[in-house]
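Source file: work-v3.txt; contents: compact mmCIF, C-alpha atoms.
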# COMPACT_ATOMS: atom_id res chain seq x y z
CA MET W 219 -24.04 26.01 19.98
CA HIS W 220 -20.30 25.76 19.35
CA ARG W 221 -18.74 25.47 22.82
CA LEU W 222 -15.06 25.86 21.96
CA ASN W 223 -13.66 29.37 21.78
CA ILE W 224 -10.03 30.19 20.99
CA GLU W 225 -8.52 33.58 21.77
CA HIS W 226 -5.11 34.41 20.41
CA MET W 227 -2.50 36.78 21.78
CA VAL W 228 1.01 37.52 20.45
CA LEU W 229 3.40 38.19 23.31
CA GLY W 230 7.04 38.27 24.28
CA TYR W 231 10.48 38.77 22.77
CA VAL W 232 9.88 36.77 19.61
CA ALA W 233 6.14 37.17 19.02
CA THR W 234 4.94 33.91 20.51
CA ASN W 235 1.38 32.79 19.94
CA VAL W 236 -0.45 32.37 23.25
CA TYR W 237 -3.82 30.66 23.20
CA ILE W 238 -6.68 30.95 25.66
CA VAL W 239 -9.04 28.08 24.88
CA SER W 240 -12.38 28.17 26.64
CA ASN W 241 -15.70 26.40 26.92
CA THR W 242 -18.36 29.04 26.28
CA GLU W 243 -20.90 27.19 28.42
CA THR W 244 -18.84 26.50 31.54
CA LYS W 245 -16.51 29.52 31.26
CA GLU W 246 -13.55 27.25 31.97
CA CYS W 247 -10.33 27.77 30.07
CA VAL W 248 -6.93 26.35 29.27
CA ILE W 249 -3.89 28.53 28.54
CA ILE W 250 -1.37 27.23 26.03
CA ASP W 251 2.22 28.50 26.18
CA PRO W 252 1.88 31.65 28.32
CA ALA W 253 4.90 33.35 26.80
CA ALA W 254 5.16 36.63 28.71
CA ASN W 255 3.18 39.50 30.24
CA PRO W 256 1.21 37.52 32.82
CA SER W 257 -0.82 40.59 33.78
CA GLU W 258 -2.02 40.99 30.20
CA ILE W 259 -3.04 37.35 29.97
CA LEU W 260 -4.82 37.50 33.32
CA LYS W 261 -6.64 40.70 32.33
CA ARG W 262 -7.99 38.95 29.24
CA ILE W 263 -9.16 35.99 31.30
CA GLU W 264 -10.76 38.24 33.90
CA LYS W 265 -12.48 40.34 31.24
CA ASP W 266 -14.07 37.21 29.80
CA GLY W 267 -14.98 35.85 33.24
CA LEU W 268 -12.98 32.65 32.75
CA ASN W 269 -11.78 30.10 35.28
CA THR W 270 -8.36 28.72 34.38
CA LYS W 271 -8.23 24.93 34.75
CA ALA W 272 -4.83 24.11 33.21
CA ILE W 273 -1.70 25.48 31.60
CA LEU W 274 -0.44 23.37 28.70
CA LEU W 275 3.13 23.67 27.45
CA THR W 276 4.13 22.52 23.98
CA HIS W 277 7.80 22.72 25.03
CA GLY W 278 10.09 24.50 27.45
CA HIS W 279 11.98 27.20 25.58
CA PHE W 280 12.00 30.58 27.31
CA ASP W 281 9.76 32.28 24.76
CA HIS W 282 6.88 29.95 25.61
CA ILE W 283 7.04 29.89 29.41
CA LEU W 284 7.99 33.26 30.89
CA ALA W 285 4.54 33.82 32.42
CA VAL W 286 3.94 30.23 33.56
CA ASN W 287 4.92 30.50 37.22
CA ASP W 288 3.09 33.76 37.83
CA ILE W 289 -0.13 32.53 36.25
CA ALA W 290 0.05 29.15 37.97
CA GLU W 291 0.53 30.82 41.35
CA ILE W 292 -2.34 33.25 40.88
CA THR W 293 -4.85 30.85 39.32
CA GLY W 294 -3.82 27.62 41.03
CA ALA W 295 -3.98 25.88 37.66
CA PRO W 296 -1.72 22.85 37.16
CA VAL W 297 0.96 22.91 34.48
CA TYR W 298 1.28 20.05 31.98
CA ALA W 299 4.39 19.25 29.93
CA HIS W 300 6.10 16.17 28.53
CA ALA W 301 8.39 14.35 30.93
CA ASP W 302 11.26 14.54 28.43
CA GLU W 303 11.17 18.34 28.61
CA LYS W 304 12.30 18.42 32.24
CA LYS W 305 15.86 19.54 31.45
CA VAL W 306 14.77 22.33 29.12
CA LEU W 307 12.12 23.56 31.54
CA ALA W 308 14.74 23.66 34.28
CA ASP W 309 16.97 25.89 32.11
CA PRO W 310 14.73 27.59 29.53
CA GLY W 311 17.57 29.68 28.11
CA VAL W 312 19.90 26.75 27.57
CA GLY W 313 21.98 27.16 24.43
CA LEU W 314 20.68 30.69 23.90
CA LEU W 315 23.12 32.53 26.19
CA LEU W 316 20.23 34.02 28.15
CA ARG W 317 20.90 34.60 31.83
CA ASP W 318 17.90 36.72 32.73
CA VAL W 319 15.39 33.88 32.38
CA ALA W 320 16.87 31.49 34.95
CA ASP W 321 14.25 32.48 37.53
CA LYS W 322 11.51 31.47 35.06
CA ALA W 323 12.41 27.79 35.21
CA VAL W 324 9.39 25.51 35.53
CA THR W 325 10.02 22.66 37.93
CA ASP W 326 6.50 21.89 39.16
CA PHE W 327 4.49 20.28 36.38
CA LEU W 328 2.41 17.22 35.64
CA PRO W 329 4.20 14.99 33.11
CA VAL W 330 2.37 13.80 30.02
CA LYS W 331 3.34 11.18 27.46
CA ASP W 332 2.45 10.28 23.90
CA GLY W 333 -1.14 9.15 23.54
CA ASP W 334 -2.39 10.58 26.82
CA ILE W 335 -5.92 11.97 26.73
CA LEU W 336 -6.46 15.00 28.95
CA ASP W 337 -10.08 15.62 29.92
CA LEU W 338 -10.12 19.39 30.24
CA ILE W 339 -12.90 22.00 30.04
CA GLY W 340 -15.32 19.51 28.48
CA PHE W 341 -13.04 18.36 25.64
CA LYS W 342 -10.63 15.49 25.07
CA TRP W 343 -7.08 16.67 24.36
CA LYS W 344 -4.79 14.07 22.83
CA VAL W 345 -1.10 14.46 23.57
CA ILE W 346 1.08 13.77 20.52
CA HIS W 347 4.76 13.55 21.38
CA THR W 348 6.64 15.26 18.54
CA PRO W 349 10.34 15.39 19.43
CA GLY W 350 12.67 17.31 17.18
CA HIS W 351 12.47 20.97 18.10
CA SER W 352 13.22 19.68 21.58
CA ALA W 353 13.09 16.23 23.11
CA GLY W 354 9.83 16.86 24.91
CA SER W 355 7.94 18.84 22.29
CA VAL W 356 4.28 17.92 22.01
CA CYS W 357 1.18 18.86 20.06
CA TYR W 358 -2.27 18.97 21.62
CA TYR W 359 -5.06 17.65 19.40
CA ILE W 360 -8.78 18.13 20.03
CA GLU W 361 -10.07 15.68 17.45
CA SER W 362 -13.76 16.50 17.97
CA GLU W 363 -13.09 20.13 17.03
CA LYS W 364 -10.49 19.40 14.35
CA VAL W 365 -7.90 21.67 15.92
CA MET W 366 -4.29 21.03 16.89
CA PHE W 367 -1.86 23.26 18.76
CA THR W 368 1.52 22.49 17.22
CA GLY W 369 3.94 24.63 19.22
CA ASP W 370 7.22 24.97 17.34
CA THR W 371 6.92 21.63 15.55
CA VAL W 372 4.88 22.77 12.52
CA PHE W 373 4.62 26.32 11.19
CA ARG W 374 2.79 27.44 8.08
CA GLY W 375 4.91 25.99 5.28
CA SER W 376 7.78 25.23 7.62
CA TYR W 377 8.91 23.61 10.86
CA GLY W 378 10.83 24.42 14.03
CA ARG W 379 14.58 24.80 14.26
CA THR W 380 16.48 21.74 15.44
CA ASP W 381 19.86 23.19 16.41
CA LEU W 382 19.02 23.90 20.05
CA PHE W 383 19.57 21.70 23.11
CA THR W 384 17.89 18.26 22.65
CA GLY W 385 16.82 19.19 19.10
CA SER W 386 17.08 16.73 16.19
CA PHE W 387 16.26 17.14 12.52
CA ASP W 388 15.69 13.40 12.05
CA ASP W 389 13.29 13.39 14.99
CA ILE W 390 11.26 16.36 13.80
CA ALA W 391 10.99 14.88 10.31
CA ARG W 392 9.64 11.63 11.76
CA SER W 393 7.32 13.48 14.10
CA ILE W 394 5.74 15.51 11.33
CA LYS W 395 5.55 12.83 8.65
CA GLU W 396 4.66 9.84 10.80
CA LYS W 397 2.54 11.40 13.56
CA ILE W 398 0.96 14.58 12.23
CA PHE W 399 0.69 13.92 8.50
CA THR W 400 -0.87 10.50 9.11
CA ILE W 401 -3.98 12.15 10.57
CA PRO W 402 -6.56 11.80 7.79
CA GLU W 403 -8.67 14.91 8.46
CA ASP W 404 -7.05 17.47 6.15
CA ASP W 405 -9.39 20.21 7.35
CA THR W 406 -7.85 20.11 10.83
CA ASP W 407 -6.70 23.58 11.85
CA LEU W 408 -3.07 23.83 12.96
CA LEU W 409 -2.31 26.63 15.42
CA PRO W 410 1.47 27.06 15.73
CA GLY W 411 3.70 28.68 18.33
CA HIS W 412 4.65 31.50 15.96
CA GLY W 413 3.29 33.02 12.79
CA GLU W 414 0.17 32.37 10.77
CA PHE W 415 -2.40 29.67 11.34
CA THR W 416 -2.60 26.86 8.80
CA ASP W 417 -4.34 23.56 8.19
CA LEU W 418 -3.27 19.98 7.83
CA GLY W 419 -4.10 19.63 4.16
CA TYR W 420 -2.00 22.65 3.22
CA GLU W 421 1.00 21.36 5.18
CA LYS W 422 0.77 17.90 3.64
CA ARG W 423 1.21 19.57 0.25
CA HIS W 424 3.50 22.52 0.96
CA ASN W 425 5.54 22.09 4.14
CA GLU W 426 9.29 22.44 3.67
CA ILE W 427 9.88 19.17 5.52
CA LEU W 428 8.75 17.40 2.33
CA MET W 429 11.59 18.98 0.36
CA ASP W 430 14.21 18.72 3.08
CA THR W 431 13.92 14.94 3.51

Rendering of file as structure tokens:
Amino acid sequence: MHRLNIEHMVLGYVATNVYIVSNTETKECVIIDPAANPSEILKRIEKDGLNTKAILLTHGHFDHILAVNDIAEITGAPVYAHADEKKVLADPGVGLLLRDVADKAVTDFLPVKDGDILDLIGFKWKVIHTPGHSAGSVCYYIESEKVMFTGDTVFRGSYGRTDLFTGSFDDIARSIKEKIFTIPEDDTDLLPGHGEFTDLGYEKRHNEILMDT
């Protein structure tokens, strides 16, 4: 029986992909980038009878974290994010002239670093630090299931913008080409922070980063 289940919701101002990843046997789940509408996310979890064990953040921009504090308070689940994302999480609207998101700052989180393995809901989640979209951007890779959650680092055929606070084009190019594209399993599914799903083999052949560097 395949134990990993991934539910997908599109929420918030800019249609952010929110993922509820669960173990079908234990009914434990992880939420990735709870972007907005905490009540809607919690209703989905309750409907499926899931127990939230962690909230994973790929980065700290406002459109990925607006529901974090509410969900963490209600579920008691710890929040994980890269240590280098502390400044962005403390001011999620930085550089975007957004004042109404200041109260959504995330200051209580468990820091992760490149290469960490998180043992969550019966699976091993490898943290891949992929700076570029922001200094603390990460991807979460479940190698056994050939699935990676790429946040705003890799999109289908494209990659995240690098003109925001702590962003860097050189960094994102290195992150994608040296950390993600060096994974040999081309049939790994890539689930991005926005837009369509893709896979590693397609991106190795068609991603715009190949033409822009």

Q: Using only C-alpha atoms, pick whichever of W:Ala290, W:Asn235, W:Ile401, W:Gly278 has the shortest atom-to-atom distance to Leu260 in chain W.
A: W:Ala290

Quick one: what's the axis-aligned box for range 362-371 of chain W, all listed atoms, 8 Å on every side, centre and edges in Å to one decimal, as AutoDock Vina command-line options?
--center_x -3.3 --center_y 20.7 --center_z 16.8 --size_x 37.0 --size_y 24.5 --size_z 20.9

Q.
Which residues are close to Gly267 in chain W, i.e. within 12 Å by all atoms listed in the file, leaving aside same-chain residues fewer than 2 positions away? Reply as a ChimeraX atom specification.
A. /W:240-247,260-265,269-270

Put those residues in a file: C-alpha atoms, as a tab-separated table (two decimals), keeping the file's coordinate frame.
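For reference, part06.tsv as written:
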chain	number	residue	atom	x	y	z
W	240	SER	CA	-12.38	28.17	26.64
W	241	ASN	CA	-15.70	26.40	26.92
W	242	THR	CA	-18.36	29.04	26.28
W	243	GLU	CA	-20.90	27.19	28.42
W	244	THR	CA	-18.84	26.50	31.54
W	245	LYS	CA	-16.51	29.52	31.26
W	246	GLU	CA	-13.55	27.25	31.97
W	247	CYS	CA	-10.33	27.77	30.07
W	260	LEU	CA	-4.82	37.50	33.32
W	261	LYS	CA	-6.64	40.70	32.33
W	262	ARG	CA	-7.99	38.95	29.24
W	263	ILE	CA	-9.16	35.99	31.30
W	264	GLU	CA	-10.76	38.24	33.90
W	265	LYS	CA	-12.48	40.34	31.24
W	269	ASN	CA	-11.78	30.10	35.28
W	270	THR	CA	-8.36	28.72	34.38

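Closest approach to Arg423 in chain W from the set W:Arg374, W:His282, W:His277, W:Arg379 is made by W:Arg374, with distances taken over only C-alpha atoms.
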
Q | Atomic separation - CA of Thr380 in chain W relative to CA of Ile394 in chain W, Å | A | 13.1 Å

Q: Report the distance between CA of Asp407 in chain W and CA of Glu258 in chain W in Å, rounded to one decimal place.
A: 25.7 Å

Q) So how many Å separate CA of Asp288 in chain W and CA of His226 in chain W, to one decimal? A) 19.3 Å

Q. When distances are computed from only C-alpha atoms, which of W:Leu418, W:Ile292, W:Leu409, W:Val286 shows the smallest separation from Leu307 in chain W?
A.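 Selected residue with least distance to Leu307 in chain W: W:Val286.
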
List the neighbours of Leu284 in chain W out to 12 Å using all atoms listed in the file; skip same-chain residues closer than 3 positions along the sequence, and give me the result as a PDB file with C-alpha atoms, in the coordinates of the input.
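Below you can see out_8.pdb, which holds the result:
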ATOM      1  CA  LEU W 229       3.400  38.190  23.310  1.00  0.00           C
ATOM      2  CA  GLY W 230       7.040  38.270  24.280  1.00  0.00           C
ATOM      3  CA  TYR W 231      10.480  38.770  22.770  1.00  0.00           C
ATOM      4  CA  VAL W 232       9.880  36.770  19.610  1.00  0.00           C
ATOM      5  CA  THR W 234       4.940  33.910  20.510  1.00  0.00           C
ATOM      6  CA  VAL W 236      -0.450  32.370  23.250  1.00  0.00           C
ATOM      7  CA  ASP W 251       2.220  28.500  26.180  1.00  0.00           C
ATOM      8  CA  PRO W 252       1.880  31.650  28.320  1.00  0.00           C
ATOM      9  CA  ALA W 253       4.900  33.350  26.800  1.00  0.00           C
ATOM     10  CA  ALA W 254       5.160  36.630  28.710  1.00  0.00           C
ATOM     11  CA  ASN W 255       3.180  39.500  30.240  1.00  0.00           C
ATOM     12  CA  PRO W 256       1.210  37.520  32.820  1.00  0.00           C
ATOM     13  CA  SER W 257      -0.820  40.590  33.780  1.00  0.00           C
ATOM     14  CA  ILE W 259      -3.040  37.350  29.970  1.00  0.00           C
ATOM     15  CA  LEU W 275       3.130  23.670  27.450  1.00  0.00           C
ATOM     16  CA  GLY W 278      10.090  24.500  27.450  1.00  0.00           C
ATOM     17  CA  HIS W 279      11.980  27.200  25.580  1.00  0.00           C
ATOM     18  CA  PHE W 280      12.000  30.580  27.310  1.00  0.00           C
ATOM     19  CA  ASP W 281       9.760  32.280  24.760  1.00  0.00           C
ATOM     20  CA  ASN W 287       4.920  30.500  37.220  1.00  0.00           C
ATOM     21  CA  ASP W 288       3.090  33.760  37.830  1.00  0.00           C
ATOM     22  CA  ILE W 289      -0.130  32.530  36.250  1.00  0.00           C
ATOM     23  CA  ALA W 290       0.050  29.150  37.970  1.00  0.00           C
ATOM     24  CA  LEU W 307      12.120  23.560  31.540  1.00  0.00           C
ATOM     25  CA  ASP W 309      16.970  25.890  32.110  1.00  0.00           C
ATOM     26  CA  PRO W 310      14.730  27.590  29.530  1.00  0.00           C
ATOM     27  CA  GLY W 311      17.570  29.680  28.110  1.00  0.00           C
ATOM     28  CA  ASP W 318      17.900  36.720  32.730  1.00  0.00           C
ATOM     29  CA  VAL W 319      15.390  33.880  32.380  1.00  0.00           C
ATOM     30  CA  ALA W 320      16.870  31.490  34.950  1.00  0.00           C
ATOM     31  CA  ASP W 321      14.250  32.480  37.530  1.00  0.00           C
ATOM     32  CA  LYS W 322      11.510  31.470  35.060  1.00  0.00           C
ATOM     33  CA  ALA W 323      12.410  27.790  35.210  1.00  0.00           C
ATOM     34  CA  VAL W 324       9.390  25.510  35.530  1.00  0.00           C
TER      35      VAL W 324
END

Can you sort out range 287-313 of chain W so it carries N, CA, C and O atoms, written as a compact mmCIF listing (two decimals), keeping the file's coordinate frame?
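As written to disk, result-v2.txt reads:
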# COMPACT_ATOMS: atom_id res chain seq x y z
N ASN W 287 4.93 30.57 35.76
CA ASN W 287 4.92 30.50 37.22
C ASN W 287 3.99 31.53 37.84
O ASN W 287 3.27 31.22 38.81
N ASP W 288 3.97 32.73 37.29
CA ASP W 288 3.09 33.76 37.83
C ASP W 288 1.63 33.37 37.67
O ASP W 288 0.82 33.50 38.60
N ILE W 289 1.27 32.89 36.49
CA ILE W 289 -0.13 32.53 36.25
C ILE W 289 -0.53 31.31 37.07
O ILE W 289 -1.63 31.25 37.63
N ALA W 290 0.37 30.34 37.17
CA ALA W 290 0.05 29.15 37.97
C ALA W 290 -0.16 29.52 39.44
O ALA W 290 -1.07 29.00 40.10
N GLU W 291 0.67 30.42 39.94
CA GLU W 291 0.53 30.82 41.35
C GLU W 291 -0.77 31.56 41.59
O GLU W 291 -1.46 31.32 42.59
N ILE W 292 -1.14 32.44 40.69
CA ILE W 292 -2.34 33.25 40.88
C ILE W 292 -3.62 32.45 40.67
O ILE W 292 -4.60 32.60 41.41
N THR W 293 -3.62 31.59 39.66
CA THR W 293 -4.85 30.85 39.32
C THR W 293 -4.95 29.50 40.02
O THR W 293 -6.05 28.94 40.14
N GLY W 294 -3.81 28.96 40.46
CA GLY W 294 -3.82 27.62 41.03
C GLY W 294 -3.93 26.52 40.01
O GLY W 294 -4.09 25.35 40.36
N ALA W 295 -3.82 26.86 38.73
CA ALA W 295 -3.98 25.88 37.66
C ALA W 295 -2.72 25.01 37.55
O ALA W 295 -1.61 25.53 37.62
N PRO W 296 -2.88 23.71 37.34
CA PRO W 296 -1.72 22.85 37.16
C PRO W 296 -1.08 23.06 35.79
O PRO W 296 -1.75 23.46 34.83
N VAL W 297 0.20 22.78 35.72
CA VAL W 297 0.96 22.91 34.48
C VAL W 297 1.24 21.51 33.94
O VAL W 297 1.64 20.61 34.69
N TYR W 298 1.03 21.33 32.63
CA TYR W 298 1.28 20.05 31.98
C TYR W 298 2.39 20.22 30.95
O TYR W 298 2.40 21.17 30.17
N ALA W 299 3.32 19.26 30.93
CA ALA W 299 4.39 19.25 29.93
C ALA W 299 4.90 17.82 29.81
O ALA W 299 4.70 16.99 30.71
N HIS W 300 5.58 17.53 28.71
CA HIS W 300 6.10 16.17 28.53
C HIS W 300 7.26 15.93 29.48
O HIS W 300 8.07 16.81 29.75
N ALA W 301 7.34 14.71 29.98
CA ALA W 301 8.39 14.35 30.93
C ALA W 301 9.78 14.58 30.37
O ALA W 301 10.71 14.95 31.10
N ASP W 302 9.95 14.38 29.05
CA ASP W 302 11.26 14.54 28.43
C ASP W 302 11.70 15.99 28.31
O ASP W 302 12.82 16.26 27.89
N GLU W 303 10.83 16.91 28.70
CA GLU W 303 11.17 18.34 28.61
C GLU W 303 11.69 18.88 29.95
O GLU W 303 11.97 20.08 30.08
N LYS W 304 11.90 18.00 30.90
CA LYS W 304 12.30 18.42 32.24
C LYS W 304 13.58 19.25 32.23
O LYS W 304 13.67 20.29 32.89
N LYS W 305 14.58 18.83 31.46
CA LYS W 305 15.86 19.54 31.45
C LYS W 305 15.73 20.92 30.82
O LYS W 305 16.34 21.89 31.29
N VAL W 306 14.96 21.03 29.77
CA VAL W 306 14.77 22.33 29.12
C VAL W 306 13.97 23.26 30.02
O VAL W 306 14.30 24.45 30.16
N LEU W 307 12.93 22.74 30.65
CA LEU W 307 12.12 23.56 31.54
C LEU W 307 12.92 24.06 32.74
O LEU W 307 12.66 25.14 33.26
N ALA W 308 13.90 23.27 33.14
CA ALA W 308 14.74 23.66 34.28
C ALA W 308 15.75 24.73 33.91
O ALA W 308 16.27 25.44 34.77
N ASP W 309 16.02 24.89 32.60
CA ASP W 309 16.97 25.89 32.11
C ASP W 309 16.47 26.40 30.76
O ASP W 309 17.01 26.05 29.72
N PRO W 310 15.41 27.21 30.78
CA PRO W 310 14.73 27.59 29.53
C PRO W 310 15.57 28.39 28.55
O PRO W 310 15.21 28.51 27.38
N GLY W 311 16.70 28.94 29.01
CA GLY W 311 17.57 29.68 28.11
C GLY W 311 18.76 28.88 27.64
O GLY W 311 19.67 29.43 27.02
N VAL W 312 18.74 27.57 27.88
CA VAL W 312 19.90 26.75 27.57
C VAL W 312 20.24 26.83 26.08
O VAL W 312 19.38 26.75 25.21
N GLY W 313 21.51 27.06 25.81
CA GLY W 313 21.98 27.16 24.43
C GLY W 313 21.71 28.49 23.77
O GLY W 313 22.12 28.72 22.64
